[in-house]
Amino acid sequence: MTPKTPDKGTSSKGSFLWILCGIWILCGVFYSDDSLYRTPNSASYFFLAFSVCGFACFNLLQWFTGRRSIIANHRSVSFTWLDLSVLLFCVYVVICQSQADTFRIMKFDAFVFLCLLYILFRTVPNKNQWMKQMQKGWVIITGIEALYGILQLFGMAFSSHAFFQTTGDFLNPGPFAGYLAIGLPVVLKQVLDSSFSQNEDRKYWGFVSYISLMLVILILPATMSRAAWLAVLAGCLCTCLMHKRFMEEARQSLQKYFKFKKIIYLGLGGVAVVLIAGLIATYQIKKDSADGRFIVWQVSAEIFKEYPLTGAGLGKFPVAYGEAQSAWFSSEERPEEAKMLADVPEYAFNEYVQVLSEWGLIGLILFLSIMIFAVRPLWSSRFRTRRSAASGFTGSLIAFSVFSCFSYPLRLFPLTMIWVLLLALSASFQEEQRNSPVKAWIPGIFSLVCFILCLMMFPAQLSRQKAFKAWKSASFLYQGNIYREAAEEYAPLLKELGDQKDYLFEYGQSLSKSNQPEAGNRIFTQGLEFSSDPMFYNCMGNNYKAMGMYEQAEQAYLKAESIVPNRHYPLYLLAKLYFETGNTLKARETAEELLHKPVKIQTTAIEEMQDEIKTLLSTLP
């Protein structure tokens, strides 16, 4: 029996719907939900989860109704090296996570949804048309986000951060700048296409692309993100080098003036000098920030030494970092500048360092193989005739890779979803060059597996979303110092939110403030499985002191002080403990240390602590 071939109209309709799905993912940056307790990823997590569930249903429906198959689509398909790298990394993560002592349920669920998203977009029908339309949609979305940042800059829209005027739809300028930097090569590719084409449709999109390009160029300097500036340079340079018509014009122009070799060499030397001076200037713009990241990378190296092969585990970087930093400062005397710049970051500000810390050397090798196999084939001679078509996406991948060296794009779902989309686009482009058809039943297997996994995970996402909404309601009581009622509201949410450090801290504080120190410390102990914030130790010390367990209180305060040596609060609590327990010698030593401790940022709170300690010192004989 001859298989039924879907008609052209049905195929076009299916392709159009998948184009909308791809653009929908790009629009994830705009999504917000004011009913949820706001964390950097709360709204975007549920956007990802419910979007993937919807795509999986649509995918299965397409296959079962005989429409264009998601993978085969009656076309040639092949399993690329990028697919293999992604598969190996996913299997490795699942194996490591199955052996972990603590389980970050929400992070692991997000990882599974991202894997499913790759499969779904990897198997989109009519790939050529999909990739072309995705570029156009990306141009518009990038322009809209840049325009929103400009409105914020001029006070015509509200910023998401009290200390930064321009944040876009993110919580701070860094990720906003990264989002624009990753999208700019695609915009530039459309501009170059229109510049060397007489096609009216391309001319129209060229006009739209020029507007987006100008908007991004206008707002990007205001973000003060050096990582984004470097990413833009790398990504746009890659796009220009891969664009056939642009390079032909550039080569002809150079040949025309080639007789002036000395001028060209002087010009190139001048560009090199400007670039070096620019790098030095970008370092000096926010020197403390750059030096702080160097310290983060040094401490992260200690994590690698402890977990060289398999890393600390999914989501365990903050905990491992706190322990490593405490040991790093305790092992030998560090410069005062290092102590002043120390903090407890949740991210390594370098995705490669973070992957090495959480997944070890094996995980880093697999991760780098994904990055290499996503970019390298597009530069090879096999694809040289169609490099212009892939130049925008390749430039975006390069920009993402460079931005990842100095920031944390894979820790924010709007940027991670774009990365997954870029990987799927890269693999699909490589697949178009091959001719290795698969069996017709394989698409059905993929569709069914995606659907079953989403069906199993969907109820948990609804329950978790309900918990986030209840958390926001309970946080109003916490912020209003109505601690006993807040603790009652927090209690039933522990099962769903037991891996959220902010929730655990608020719940533990509510218990502590309502005279339940022992229960509060149980929650704080759970919080320390997901965070190394010294405030957990400070609050535990307060609870131990309230229970008369002074030795445990002292150890908690000392631990807090060792993690971030530049903070005054742990020493203040420790000094008060010694005063209250009558340990005069240690009280005097700790008080003197607190009063002479260098101040990172002078605040009213520090002045009040110092004044109180001075008063207590005056009472000593």
# chains A, B, ... in the order shown; residues from 1 in each chain; ligands from 1
>>> residues_around(residues="Val52 of chain A", least_positions_apart="5", cutoff="12 Å", atoms="only C-alpha atoms", output="ChimeraX atom specification")
/A:21-22,24-25,45-47,57-59,109-121,417,450-451,453-455,457-458,461
>>> residues_around(residues="Ala228 of chain A", least_positions_apart="4", cutoff="9 Å", atoms="only C-alpha atoms", output="ChimeraX atom specification")
/A:174-175,177-182,220,223-224,232-233,399,402-403,406-407
>>> residues_around(residues="segment 297-310 of chain A", least_positions_apart="3", cutoff="6 Å", atoms="only C-alpha atoms", output="list of chain:residue names")
A:Phe294, A:Gln325, A:Ser357, A:Trp359, A:Gly360, A:Leu361, A:Ile362
>>> closest_residue(among="A:Tyr210, A:Phe108, A:Trp328, A:Phe393", to="Gly143 of chain A", atoms="only C-alpha atoms")
A:Tyr210
>>> closest_atom_pairs(of="segment 275-374 of chain A", to="segment 596-620 of chain A", cutoff="9 Å", atoms="only C-alpha atoms", output="CSV")
residue,atom,partner,partner_atom,distance
A:Glu336,CA,A:Pro598,CA,8.9
A:Met340,CA,A:Lys600,CA,6.2
A:Leu341,CA,A:Lys600,CA,8.3
>>> residues_around(residues="segment 488-493 of chain A", least_positions_apart="2", cutoff="8 Å", atoms="only C-alpha atoms", output="JSON, numbers by chain")
{"A": [467, 470, 471, 474, 484, 485, 486, 495, 496, 497, 498, 507]}
>>> write_last_selection(atoms="C-alpha atoms", output="short mmCIF file (atom, residue, chain, number, x, y, z; two decimals), in the first residue's frame")
data_model
loop_
_atom_site.label_atom_id
_atom_site.label_comp_id
_atom_site.auth_asym_id
_atom_site.auth_seq_id
_atom_site.Cartn_x
_atom_site.Cartn_y
_atom_site.Cartn_z
CA ALA A 467 2.57 26.91 45.57
CA ALA A 470 0.57 30.91 47.81
CA TRP A 471 4.19 31.85 48.57
CA ALA A 474 2.47 34.41 52.59
CA ARG A 484 3.18 33.43 63.31
CA GLU A 485 0.50 33.68 60.62
CA ALA A 486 3.19 33.68 57.95
CA LYS A 495 6.83 19.83 49.81
CA GLU A 496 6.64 21.92 46.63
CA LEU A 497 9.10 24.68 47.56
CA GLY A 498 11.62 22.73 49.62
CA TYR A 507 9.89 30.21 56.50
#
>>> atom_distance(atom1="atom CA of Ala312 of chain A", atom2="atom CA of Ile105 of chain A")
15.9 Å
>>> closest_residue(among="A:Gln135, A:Gln430, A:Thr166, A:Asn172", to="Leu412 of chain A", atoms="only C-alpha atoms")
A:Asn172
>>> residues_around(residues="Gln509 of chain A", least_positions_apart="4", cutoff="8 Å", atoms="only C-alpha atoms", output="list in words")
Tyr483, Phe505, Lys513, Gly520 and Cys539 of chain A
>>> residues_around(residues="Tyr569 of chain A", least_positions_apart="3", cutoff="10 Å", atoms="only C-alpha atoms", output="list in words")
Pro534, Met535, Asn538, Tyr557, Ala560, Glu561, Asn566, Tyr572, Leu573, Leu574, Ala575, Leu594, Ala605, Ile606 and Met609 of chain A
>>> residues_around(residues="Thr167 of chain A", least_positions_apart="6", cutoff="6 Å", atoms="only C-alpha atoms", output="ChimeraX atom specification")
/A:159,173,176
>>> select_by_dssp(residues="segment 41-158 of chain A", states="helix (DSSP H, G or I)", output="count of residues only")
86
>>> atom_distance(atom1="atom CA of Leu147 of chain A", atom2="atom CA of Lys189 of chain A")
19.7 Å
>>> atom_distance(atom1="atom CA of Glu323 of chain A", atom2="atom CA of Tyr352 of chain A")
20.1 Å
